[in-house]
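S.K.: run07.txt (compact mmCIF, C-alpha atoms) pasted underneath:
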# COMPACT_ATOMS: atom_id res chain seq x y z
CA MET A 6 111.42 66.10 -146.40
CA ASP A 7 109.70 68.04 -149.15
CA GLN A 8 109.85 71.16 -147.03
CA VAL A 9 113.62 71.06 -147.47
CA ALA A 10 113.31 70.39 -151.18
CA THR A 11 111.04 73.38 -151.80
CA ALA A 12 113.27 75.71 -149.82
CA HIS A 13 115.80 75.61 -152.65
CA HIS A 14 113.18 76.14 -155.29
CA PRO A 15 113.18 79.63 -156.81
CA GLU A 16 109.42 79.95 -156.36
CA ALA A 17 109.80 79.26 -152.67
CA GLU A 18 111.44 82.61 -152.03
CA HIS A 19 108.10 84.41 -152.00
CA ALA A 20 106.61 81.59 -150.07
CA GLN A 21 108.76 82.31 -147.06
CA GLU A 22 106.67 85.41 -146.28
CA HIS A 23 103.65 83.15 -145.91
CA GLY A 24 105.25 80.55 -143.68
CA ALA A 25 102.03 79.09 -142.32
CA ASN A 26 100.39 78.92 -145.74
CA GLN A 27 103.14 77.06 -147.47
CA HIS A 28 103.13 73.29 -147.64
CA PRO A 29 104.66 70.87 -150.11
CA ILE A 30 102.33 69.91 -152.97
CA THR A 31 102.71 66.23 -152.06
CA ILE A 32 100.49 66.65 -149.00
CA TYR A 33 97.59 67.69 -151.26
CA LEU A 34 98.21 64.79 -153.62
CA TRP A 35 98.17 62.43 -150.64
CA ILE A 36 94.90 63.83 -149.31
CA TRP A 37 93.44 63.76 -152.81
CA GLY A 38 94.35 60.07 -153.10
CA LEU A 39 92.99 59.28 -149.64
CA LEU A 40 89.70 61.02 -150.46
CA PHE A 41 89.45 58.81 -153.55
CA VAL A 42 90.13 55.72 -151.46
CA PHE A 43 87.60 56.59 -148.76
CA SER A 44 84.97 57.57 -151.36
CA GLY A 45 85.63 54.17 -152.91
CA PHE A 46 85.07 52.55 -149.51
CA SER A 47 81.76 54.37 -148.98
CA TYR A 48 80.70 53.34 -152.48
CA MET A 49 81.60 49.72 -151.68
CA VAL A 50 79.23 49.88 -148.68
CA ASP A 51 76.42 50.36 -151.19
CA TYR A 52 77.84 48.09 -153.88
CA PHE A 53 77.98 45.12 -151.52
CA GLN A 54 74.59 46.11 -150.06
CA LEU A 55 75.65 46.05 -146.41
CA GLN A 56 72.60 46.74 -144.26
CA GLY A 57 71.60 47.88 -140.78
CA MET A 58 73.90 49.31 -138.13
CA LEU A 59 77.04 48.18 -139.98
CA ARG A 60 76.01 50.15 -143.08
CA TRP A 61 75.10 53.29 -141.14
CA SER A 62 78.18 53.32 -138.94
CA LEU A 63 80.50 52.74 -141.92
CA ILE A 64 78.79 55.51 -143.93
CA ILE A 65 79.20 57.99 -141.05
CA PHE A 66 82.75 56.84 -140.31
CA PHE A 67 83.95 57.35 -143.90
CA MET A 68 82.00 60.62 -144.15
CA LEU A 69 83.67 62.05 -141.04
CA ILE A 70 87.14 60.99 -142.21
CA LYS A 71 86.61 62.68 -145.59
CA ALA A 72 85.14 65.78 -143.95
CA SER A 73 88.12 66.13 -141.60
CA PHE A 74 90.59 65.78 -144.49
CA ILE A 75 88.79 68.50 -146.45
CA VAL A 76 88.39 70.92 -143.55
CA GLY A 77 91.74 70.19 -141.90
CA ILE A 78 94.10 69.99 -144.87
CA PHE A 79 92.40 71.44 -147.96
CA MET A 80 90.83 74.33 -146.04
CA HIS A 81 93.96 74.71 -143.87
CA MET A 82 91.97 74.60 -140.65
CA ALA A 83 94.66 72.42 -139.05
CA TRP A 84 97.10 75.32 -139.26
CA GLU A 85 94.72 78.10 -138.15
CA ARG A 86 94.78 79.64 -134.71
CA LEU A 87 92.70 78.03 -131.98
CA ALA A 88 90.38 81.06 -131.72
CA LEU A 89 89.30 80.66 -135.35
CA LYS A 90 88.97 76.88 -135.01
CA ILE A 91 86.64 77.26 -132.04
CA ALA A 92 84.65 80.10 -133.62
CA ILE A 93 83.94 78.05 -136.75
CA LEU A 94 83.83 74.44 -135.56
CA ALA A 95 81.97 74.79 -132.25
CA PRO A 96 78.67 76.45 -133.38
CA PRO A 97 77.62 73.58 -135.72
CA LEU A 98 77.49 71.34 -132.63
CA ALA A 99 74.25 73.17 -131.77
CA LEU A 100 72.79 71.39 -134.79
CA LEU A 101 72.92 68.12 -132.87
CA VAL A 102 70.09 69.49 -130.72
CA LEU A 103 68.01 70.27 -133.83
CA ILE A 104 68.74 66.83 -135.30
CA GLY A 105 67.77 65.15 -132.02
CA LEU A 106 64.53 67.11 -131.72
CA MET A 107 63.56 66.46 -135.34
CA ALA A 108 64.27 62.75 -135.00
CA ILE A 109 61.93 62.56 -131.99
CA GLU A 110 59.36 64.65 -133.83
CA GLY A 111 59.63 62.42 -136.92
CA ASP A 112 59.04 59.28 -134.85
CA TYR A 113 56.02 60.89 -133.22
CA THR A 114 54.55 61.90 -136.60
CA PHE A 115 55.17 58.38 -137.91
CA MET A 116 53.34 56.83 -134.94
CA THR A 117 50.46 59.30 -135.32
CA ARG A 118 50.16 58.47 -139.00
CA LEU A 119 50.20 54.73 -138.30
CA ALA A 120 47.47 55.17 -135.72
CA SER A 121 45.35 57.47 -137.90
CA PHE A 122 45.45 56.33 -141.48
CA VAL A 123 47.13 53.02 -141.89
CA HIS A 124 44.63 50.21 -141.38
CA MET B 15 88.83 99.39 -114.26
CA ASN B 16 89.79 100.25 -117.76
CA THR B 17 88.26 103.71 -117.92
CA GLU B 18 90.95 105.55 -119.84
CA SER B 19 90.99 103.14 -122.79
CA GLY B 20 87.79 104.57 -124.32
CA ALA B 21 85.42 101.74 -123.35
CA LEU B 22 82.18 103.73 -123.38
CA PRO B 23 79.12 102.55 -121.39
CA GLY B 24 75.60 101.97 -122.72
CA LEU B 25 74.46 102.25 -126.32
CA SER B 26 77.30 104.51 -127.38
CA GLY B 27 79.56 101.78 -126.06
CA VAL B 28 77.82 99.24 -128.32
CA THR B 29 78.29 101.55 -131.30
CA ALA B 30 81.92 102.18 -130.43
CA ASP B 31 82.61 98.46 -130.00
CA MET B 32 80.84 97.45 -133.21
CA ALA B 33 82.33 100.22 -135.30
CA ALA B 34 85.80 100.14 -133.87
CA ASP B 35 88.68 98.99 -136.01
CA LYS B 36 89.45 95.72 -134.32
CA GLN B 37 90.81 92.39 -135.39
CA ALA B 38 89.47 89.32 -133.66
CA PHE B 39 91.43 86.65 -135.55
CA SER B 40 94.97 86.97 -136.83
CA VAL B 41 93.92 86.16 -140.39
CA PRO B 42 93.12 88.39 -143.37
CA TRP B 43 89.58 89.74 -142.98
CA GLY B 44 88.48 88.17 -146.28
CA LYS B 45 89.34 84.75 -144.94
CA ALA B 46 87.57 85.34 -141.62
CA MET B 47 84.46 86.62 -143.42
CA MET B 48 84.44 83.66 -145.83
CA TRP B 49 84.64 81.28 -142.88
CA ILE B 50 81.71 83.04 -141.22
CA PHE B 51 79.71 82.88 -144.45
CA LEU B 52 80.51 79.17 -144.75
CA LEU B 53 79.41 78.68 -141.15
CA SER B 54 76.02 80.23 -142.00
CA ASP B 55 75.84 78.07 -145.12
CA THR B 56 76.53 75.03 -142.95
CA PHE B 57 73.36 75.83 -141.04
CA VAL B 58 71.36 76.22 -144.25
CA PHE B 59 72.43 72.84 -145.60
CA SER B 60 72.01 71.24 -142.19
CA CYS B 61 68.42 72.49 -142.06
CA PHE B 62 67.79 70.89 -145.47
CA LEU B 63 69.35 67.60 -144.44
CA THR B 64 67.54 67.63 -141.09
CA SER B 65 64.17 68.26 -142.76
CA TYR B 66 64.97 65.41 -145.16
CA MET B 67 65.69 63.18 -142.16
CA ASN B 68 62.42 64.25 -140.58
CA VAL B 69 60.25 63.49 -143.62
CA ARG B 70 62.04 60.21 -144.22
CA ILE B 71 61.43 59.09 -140.63
CA SER B 72 57.80 60.19 -140.58
CA THR B 73 56.56 58.83 -143.90
CA THR B 74 54.54 55.62 -143.82
CA ASP B 75 55.30 54.86 -147.48
CA LYS B 76 58.41 53.00 -148.56
CA TRP B 77 61.36 55.33 -149.24
CA PRO B 78 62.64 54.83 -152.83
CA ASN B 79 65.93 52.89 -152.82
CA PRO B 80 68.58 55.44 -153.95
CA SER B 81 70.86 52.60 -154.97
CA GLU B 82 68.35 51.60 -157.67
CA VAL B 83 66.99 55.06 -158.50
CA PHE B 84 70.46 56.41 -159.23
CA GLY B 85 71.84 53.28 -160.80
CA LEU B 86 72.97 53.22 -164.41
CA ASN B 87 72.68 50.42 -166.91
CA VAL B 88 76.01 49.86 -168.64
CA ASN B 89 76.14 47.16 -171.32
CA GLY B 90 73.20 45.38 -169.80
CA HIS B 91 74.59 45.43 -166.25
CA ASP B 92 72.86 47.50 -163.58
CA ILE B 93 75.54 49.30 -161.61
CA PRO B 94 74.24 50.98 -158.43
CA LEU B 95 74.94 54.69 -157.91
CA LEU B 96 77.42 54.76 -160.80
CA LEU B 97 76.75 58.34 -161.89
CA ILE B 98 76.89 59.59 -158.30
CA ALA B 99 80.22 57.82 -157.74
CA ILE B 100 81.66 59.50 -160.85
CA MET B 101 80.28 62.89 -159.74
CA THR B 102 81.93 62.39 -156.33
CA MET B 103 85.28 61.62 -157.95
CA VAL B 104 84.99 64.69 -160.21
CA LEU B 105 84.27 66.97 -157.26
CA ILE B 106 87.13 65.50 -155.19
CA THR B 107 89.47 65.97 -158.12
CA SER B 108 88.38 69.59 -158.46
CA SER B 109 89.11 70.07 -154.76
CA GLY B 110 92.58 68.64 -155.29
CA THR B 111 93.37 71.00 -158.18
CA MET B 112 92.00 73.91 -156.12
CA ALA B 113 94.24 73.08 -153.15
CA MET B 114 97.23 73.05 -155.49
CA ALA B 115 96.13 76.34 -157.07
CA VAL B 116 96.19 77.98 -153.62
CA ASN B 117 99.65 76.53 -153.02
CA TYR B 118 101.00 77.83 -156.33
CA GLY B 119 99.34 81.17 -155.60
CA TYR B 120 101.40 81.58 -152.47
CA ARG B 121 104.49 80.73 -154.53
CA ARG B 122 103.51 83.57 -156.89
CA ASN B 123 103.35 81.16 -159.79
CA ARG B 124 100.81 82.98 -161.92
CA ALA B 125 100.62 80.54 -164.83
CA MET B 126 100.14 77.43 -162.71
CA THR B 127 97.60 79.13 -160.41
CA THR B 128 95.54 80.25 -163.41
CA LYS B 129 95.68 76.82 -165.07
CA LEU B 130 94.76 74.93 -161.92
CA MET B 131 91.89 77.30 -161.09
CA LEU B 132 90.48 77.04 -164.60
CA ALA B 133 90.82 73.25 -164.36
CA THR B 134 88.88 73.40 -161.08
CA ALA B 135 86.14 75.46 -162.74
CA ALA B 136 86.07 72.98 -165.66
CA PHE B 137 85.56 70.06 -163.26
CA GLY B 138 82.77 72.13 -161.68
CA VAL B 139 81.09 72.51 -165.07
CA MET B 140 81.47 68.76 -165.61
CA PHE B 141 79.80 68.11 -162.25
CA VAL B 142 76.85 70.41 -162.96
CA SER B 143 76.42 68.85 -166.42
CA MET B 144 76.21 65.38 -164.91
CA GLN B 145 73.73 66.71 -162.39
CA ALA B 146 71.64 68.15 -165.24
CA PHE B 147 71.76 64.70 -166.88
CA GLU B 148 70.65 63.09 -163.62
CA TRP B 149 67.78 65.54 -163.15
CA THR B 150 66.63 65.04 -166.75
CA LYS B 151 66.69 61.25 -166.31
CA LEU B 152 64.65 61.49 -163.12
CA ILE B 153 62.14 64.08 -164.30
CA VAL B 154 61.61 63.00 -167.90
CA HIS B 155 62.15 59.25 -167.86
CA GLU B 156 61.22 58.25 -164.34
CA GLY B 157 58.50 60.77 -163.59
CA VAL B 158 59.90 62.07 -160.31
CA ARG B 159 58.17 65.28 -159.17
CA PRO B 160 58.59 67.30 -155.98
CA TRP B 161 55.09 66.20 -154.93
CA ALA B 162 55.05 62.61 -156.15
CA ASN B 163 57.02 59.81 -157.74
CA PRO B 164 56.27 56.29 -158.95
CA MET B 165 58.84 54.63 -156.65
CA GLY B 166 57.45 55.35 -153.19
CA ALA B 167 57.28 58.13 -150.61
CA ALA B 168 56.22 61.45 -152.15
CA GLN B 169 58.72 63.39 -150.01
CA PHE B 170 61.61 61.85 -151.93
CA GLY B 171 61.27 64.28 -154.85
CA ALA B 172 60.98 67.38 -152.69
CA SER B 173 64.05 66.46 -150.63
CA PHE B 174 66.07 65.45 -153.67
CA PHE B 175 65.37 68.55 -155.76
CA MET B 176 65.84 70.93 -152.85
CA ILE B 177 69.09 69.47 -151.53
CA THR B 178 70.86 68.68 -154.79
CA GLY B 179 69.44 71.81 -156.43
CA PHE B 180 70.81 74.07 -153.75
CA HIS B 181 74.14 72.29 -153.90
CA GLY B 182 74.21 72.56 -157.69
CA LEU B 183 73.52 76.28 -157.38
CA HIS B 184 76.54 76.55 -155.11
CA VAL B 185 78.70 74.71 -157.63
CA SER B 186 77.47 76.96 -160.46
CA CYS B 187 78.17 80.12 -158.44
CA GLY B 188 81.57 78.67 -157.54
CA VAL B 189 82.41 78.14 -161.22
CA ILE B 190 81.68 81.80 -161.96
CA TYR B 191 83.56 82.94 -158.85
CA LEU B 192 86.62 80.81 -159.65
CA THR B 193 86.66 81.91 -163.29
CA ILE B 194 86.66 85.59 -162.29
CA VAL B 195 89.46 85.09 -159.76
CA ALA B 196 91.44 82.95 -162.26
CA LEU B 197 91.22 85.68 -164.90
CA ARG B 198 92.40 88.22 -162.34
CA VAL B 199 95.31 85.97 -161.44
CA ARG B 200 96.24 85.75 -165.12
CA SER B 201 96.05 89.53 -165.57
CA GLY B 202 98.53 89.98 -162.71
CA PHE B 203 95.97 91.74 -160.52
CA TYR B 204 97.09 89.96 -157.35
CA ASP B 205 100.77 90.56 -158.10
CA ARG B 206 100.03 94.29 -158.17
CA LYS B 207 97.88 93.95 -155.06
CA GLY B 208 100.79 92.15 -153.40
CA THR B 209 98.84 89.17 -152.07
CA TYR B 210 97.20 85.99 -153.35
CA GLU B 211 94.85 85.71 -150.36
CA THR B 212 91.81 86.00 -152.64
CA VAL B 213 92.79 82.68 -154.25
CA GLU B 214 92.79 81.01 -150.85
CA VAL B 215 89.43 82.58 -149.95
CA ALA B 216 87.93 81.35 -153.23
CA GLY B 217 89.47 77.97 -152.44
CA LEU B 218 87.72 77.87 -149.06
CA TYR B 219 84.37 78.32 -150.82
CA TRP B 220 85.15 75.58 -153.32
CA HIS B 221 86.30 73.07 -150.71
CA PHE B 222 83.11 73.80 -148.78
CA VAL B 223 81.05 72.82 -151.83
CA ASP B 224 82.97 69.53 -151.88
CA LEU B 225 82.45 69.15 -148.13
CA VAL B 226 78.69 69.56 -148.45
CA TRP B 227 78.69 66.90 -151.17
CA VAL B 228 80.40 64.47 -148.78
CA PHE B 229 77.43 64.86 -146.43
CA ILE B 230 74.81 64.69 -149.21
CA PHE B 231 76.49 61.59 -150.63
CA ALA B 232 76.43 59.90 -147.22
CA PHE B 233 72.95 60.85 -146.08
CA PHE B 234 70.94 61.10 -149.26
CA TYR B 235 72.53 58.64 -151.67
CA LEU B 236 73.98 55.97 -149.41
CA TRP B 237 71.67 55.90 -146.38
What's the structure tokens form of this structure?
M.R.:
Amino acid sequence: MDQVATAHHPEAEHAQEHGANQHPITIYLWIWGLLFVFSGFSYMVDYFQLQGMLRWSLIIFFMLIKASFIVGIFMHMAWERLALKIAILAPPLALLVLIGLMAIEGDYTFMTRLASFVH
Amino acid sequence: MNTESGALPGLSGVTADMAADKQAFSVPWGKAMMWIFLLSDTFVFSCFLTSYMNVRISTTDKWPNPSEVFGLNVNGHDIPLLLIAIMTMVLITSSGTMAMAVNYGYRRNRAMTTKLMLATAAFGVMFVSMQAFEWTKLIVHEGVRPWANPMGAAQFGASFFMITGFHGLHVSCGVIYLTIVALRVRSGFYDRKGTYETVEVAGLYWHFVDLVWVFIFAFFYLW
């Protein structure tokens, strides 16, 4: 709808050369608002002192939603070519291995410490 | 198979491939390089957050409750994480103005692009100032040190100063970067150059700073 509106705007003439880079401003205002809302939700998780699995899953859920809005819309990743998407978004998955290993290692260190110096 | 196309074998082939004028992605090279830089930065921040996870799992002391540590007392009411919530909103707002600056850049609207970029930089300054306030409160009034703190596990200080410090450094660098690009926009540099891609590339950096904060907010402040 706004795409049509901007097409008649004088500034939009230049924009035509950059077809893929041109979106109506409203989409950014929407994402901006949604980021506010979801940040508010994550803050509420703490404000109401939710605990345990519910707290952790909500924190991660809101975090991933916000991260996808930022990367997808603000950073224009949603409109990039698949080759660039894969080149940038796939490598960080390797970090899951590091996180897994360090979690196991942390548990081991914790157990060792309990056994050694907590009496 | 493809012998006539100049695909050399061996080491000279490596040199030819690496030095050849090729384009892997159909995007301006500045954008591709910024993405690759941000990818490497992702690994840096992930290492910090992973090491924080590791020390938090392995400590036998109680981890200080971030909700209380970062709470503010307003008119006699303790509000948890208030400053952090405001900082989050400021950074999100700066990301919003930056996204619009990129949009106006592609419309060749010099005045609006300059204004929005300078607004973004101003929000960045606001964020760093609040962070300086937070650090001062923690160091001076609450006695948090990288090696110890009165609230619990000693690793809290080290993780906090390293993670938020490195993020704050990124925000500060971003403010300088955005200001330089904004002044160039105002001077008509990109009109003469014929493209506003640099604004988008600067925007990628700034959104990344916001993105990292989303993860820090979730894992360090809320967890």
S.K.: Tell me, in Å to one decimal, how far atom CA of B:Pro164 is from atom CA of B:Phe141.
M.R.: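 Between atom CA of B:Pro164 and atom CA of B:Phe141 the gap works out to 26.5 Å.
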S.K.: With all atoms listed in the file as the counted atoms, please give the residues lying no more than 12 Å from A:Ile78, apart from itself and same-chain residues fewer than 6 positions off, as a list of chain:residue names.
M.R.: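 Result of the neighbour search: A:Asn26, A:Gln27, A:His28, A:Pro29, A:Ile30, A:Thr31, A:Ile32, A:Tyr33, A:Leu34, A:Trp35, A:Ile36, A:Trp37, A:Leu39, A:Leu40, A:Ile70, A:Lys71, A:Ala72, A:Trp84, A:Glu85, B:Ser109, B:Gly110, B:Ala113, B:Met114, B:Asn117, B:Gly217, B:Leu218, B:His221.
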S.K.: Would you mind exporting C-alpha atoms of the selected residues as a JSON list (two decimals), keeping the file's coordinate frame?
M.R.:
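That gives us selection05.json:
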[["chain", "number", "residue", "atom", "x", "y", "z"],
["A", 26, "ASN", "CA", 100.39, 78.92, -145.74],
["A", 27, "GLN", "CA", 103.14, 77.06, -147.47],
["A", 28, "HIS", "CA", 103.13, 73.29, -147.64],
["A", 29, "PRO", "CA", 104.66, 70.87, -150.11],
["A", 30, "ILE", "CA", 102.33, 69.91, -152.97],
["A", 31, "THR", "CA", 102.71, 66.23, -152.06],
["A", 32, "ILE", "CA", 100.49, 66.65, -149.00],
["A", 33, "TYR", "CA", 97.59, 67.69, -151.26],
["A", 34, "LEU", "CA", 98.21, 64.79, -153.62],
["A", 35, "TRP", "CA", 98.17, 62.43, -150.64],
["A", 36, "ILE", "CA", 94.90, 63.83, -149.31],
["A", 37, "TRP", "CA", 93.44, 63.76, -152.81],
["A", 39, "LEU", "CA", 92.99, 59.28, -149.64],
["A", 40, "LEU", "CA", 89.70, 61.02, -150.46],
["A", 70, "ILE", "CA", 87.14, 60.99, -142.21],
["A", 71, "LYS", "CA", 86.61, 62.68, -145.59],
["A", 72, "ALA", "CA", 85.14, 65.78, -143.95],
["A", 84, "TRP", "CA", 97.10, 75.32, -139.26],
["A", 85, "GLU", "CA", 94.72, 78.10, -138.15],
["B", 109, "SER", "CA", 89.11, 70.07, -154.76],
["B", 110, "GLY", "CA", 92.58, 68.64, -155.29],
["B", 113, "ALA", "CA", 94.24, 73.08, -153.15],
["B", 114, "MET", "CA", 97.23, 73.05, -155.49],
["B", 117, "ASN", "CA", 99.65, 76.53, -153.02],
["B", 217, "GLY", "CA", 89.47, 77.97, -152.44],
["B", 218, "LEU", "CA", 87.72, 77.87, -149.06],
["B", 221, "HIS", "CA", 86.30, 73.07, -150.71]]
S.K.: Would you mind telling me which residue in A:Phe122, A:Phe115, A:Phe74, A:Phe67 lies nearest to chain B when using all atoms listed in the file?
M.R.: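 Answer, going by the shortest atom-to-atom distance: A:Phe115.
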S.K.: Please determine, counting all atoms listed in the file, which residue among A:Ala108, A:Leu101, A:Ile91, A:Ala83 has the shortest atom-to-atom distance to chain B.
M.R.: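 Smallest separation from chain B among the options: A:Ala108.
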S.K.: For atom CA of B:Asn79 and atom CA of B:Met140, quote the distance in Å rounded to one decimal.
M.R.: 25.6 Å
S.K.: Quick one: residues within 12 Å of A:Pro96, all atoms listed in the file counted, chain neighbours fewer than 6 positions away excluded, as number ranges by chain?
M.R.: A: 89-90, 102; B: 50, 52-54, 56-57
S.K.: To one decimal place in Å, what is the distance between atom CA of B:Glu211 and atom CA of B:Thr128?
M.R.: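 A separation of 14.2 Å between them.
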S.K.: Hey, which of B:Ser81, B:Thr193, B:Ser173, B:Thr102 ends up closest to B:Ala133? Count all atoms listed in the file.
M.R.: B:Thr193
S.K.: Have a look at B:Gly85, B:Thr209, B:Trp237, B:Gly157 and name the one nearest to A:Met58; count all atoms listed in the file.
M.R.: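 When distances to A:Met58 are compared using all atoms listed in the file, the smallest one comes from B:Trp237.
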S.K.: Identify, on the basis of only C-alpha atoms, every residue whose closest approach to A:Ile65 does not exceed 12 Å; exclude the query and any residue fewer than 5 positions from it along the same chain; express the result as a PDB file with C-alpha atoms, in the coordinates of the input.
M.R.:
ATOM      1  CA  PHE A  43      87.600  56.590-148.760  1.00  0.00           C
ATOM      2  CA  SER A  44      84.970  57.570-151.360  1.00  0.00           C
ATOM      3  CA  PHE A  46      85.070  52.550-149.510  1.00  0.00           C
ATOM      4  CA  SER A  47      81.760  54.370-148.980  1.00  0.00           C
ATOM      5  CA  VAL A  50      79.230  49.880-148.680  1.00  0.00           C
ATOM      6  CA  MET A  58      73.900  49.310-138.130  1.00  0.00           C
ATOM      7  CA  LEU A  59      77.040  48.180-139.980  1.00  0.00           C
ATOM      8  CA  ARG A  60      76.010  50.150-143.080  1.00  0.00           C
ATOM      9  CA  ILE A  70      87.140  60.990-142.210  1.00  0.00           C
ATOM     10  CA  LYS A  71      86.610  62.680-145.590  1.00  0.00           C
ATOM     11  CA  ALA A  72      85.140  65.780-143.950  1.00  0.00           C
TER      12      ALA A  72
ATOM     13  CA  VAL B 228      80.400  64.470-148.780  1.00  0.00           C
ATOM     14  CA  PHE B 229      77.430  64.860-146.430  1.00  0.00           C
ATOM     15  CA  ILE B 230      74.810  64.690-149.210  1.00  0.00           C
ATOM     16  CA  PHE B 231      76.490  61.590-150.630  1.00  0.00           C
ATOM     17  CA  ALA B 232      76.430  59.900-147.220  1.00  0.00           C
ATOM     18  CA  PHE B 233      72.950  60.850-146.080  1.00  0.00           C
ATOM     19  CA  LEU B 236      73.980  55.970-149.410  1.00  0.00           C
ATOM     20  CA  TRP B 237      71.670  55.900-146.380  1.00  0.00           C
TER      21      TRP B 237
END
S.K.: Have a look at A:Ala120, A:Met68, A:Leu63, A:Leu55 and name the one nearest to chain B; count only C-alpha atoms.
M.R.: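 Closest residue, counting only C-alpha atoms: A:Met68.
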S.K.: Taking 2 positions as the minimum chain separation for residues in the same chain, which residues sit within 12 Å of B:Val195 when counting all atoms listed in the file? Answer as a VMD selection string.
M.R.: chain B and resid 115 to 116 119 124 127 to 132 134 to 135 188 to 193 197 to 204 210 to 217
S.K.: Compare A:Gly111, A:Gly105, A:Gly45, A:Gly57 by their minimum atom-to-atom distance to chain B, counting all atoms listed in the file, and give me the closest one.
M.R.: A:Gly111
S.K.: Please, could N, CA and C atoms be added to stretch 50-62 of chain B and the result written as a compact mmCIF listing (two decimals), in the frame of the given file?
M.R.:
# COMPACT_ATOMS: atom_id res chain seq x y z
N ILE B 50 82.99 82.76 -141.88
CA ILE B 50 81.71 83.04 -141.22
C ILE B 50 80.55 82.80 -142.18
N PHE B 51 80.74 83.17 -143.45
CA PHE B 51 79.71 82.88 -144.45
C PHE B 51 79.50 81.37 -144.57
N LEU B 52 80.62 80.63 -144.62
CA LEU B 52 80.51 79.17 -144.75
C LEU B 52 79.83 78.56 -143.54
N LEU B 53 80.08 79.15 -142.37
CA LEU B 53 79.41 78.68 -141.15
C LEU B 53 77.89 78.84 -141.30
N SER B 54 77.46 80.00 -141.81
CA SER B 54 76.02 80.23 -142.00
C SER B 54 75.47 79.27 -143.04
N ASP B 55 76.26 79.01 -144.09
CA ASP B 55 75.84 78.07 -145.12
C ASP B 55 75.73 76.64 -144.56
N THR B 56 76.60 76.33 -143.60
CA THR B 56 76.53 75.03 -142.95
C THR B 56 75.15 74.85 -142.30
N PHE B 57 74.67 75.91 -141.69
CA PHE B 57 73.36 75.83 -141.04
C PHE B 57 72.25 75.67 -142.07
N VAL B 58 72.37 76.35 -143.21
CA VAL B 58 71.36 76.22 -144.25
C VAL B 58 71.28 74.78 -144.75
N PHE B 59 72.43 74.21 -145.10
CA PHE B 59 72.43 72.84 -145.60
C PHE B 59 72.01 71.85 -144.51
N SER B 60 72.40 72.14 -143.27
CA SER B 60 72.01 71.24 -142.19
C SER B 60 70.50 71.26 -142.00
N CYS B 61 69.87 72.42 -142.17
CA CYS B 61 68.42 72.49 -142.06
C CYS B 61 67.78 71.64 -143.16
N PHE B 62 68.32 71.71 -144.37
CA PHE B 62 67.79 70.89 -145.47
C PHE B 62 67.92 69.41 -145.14
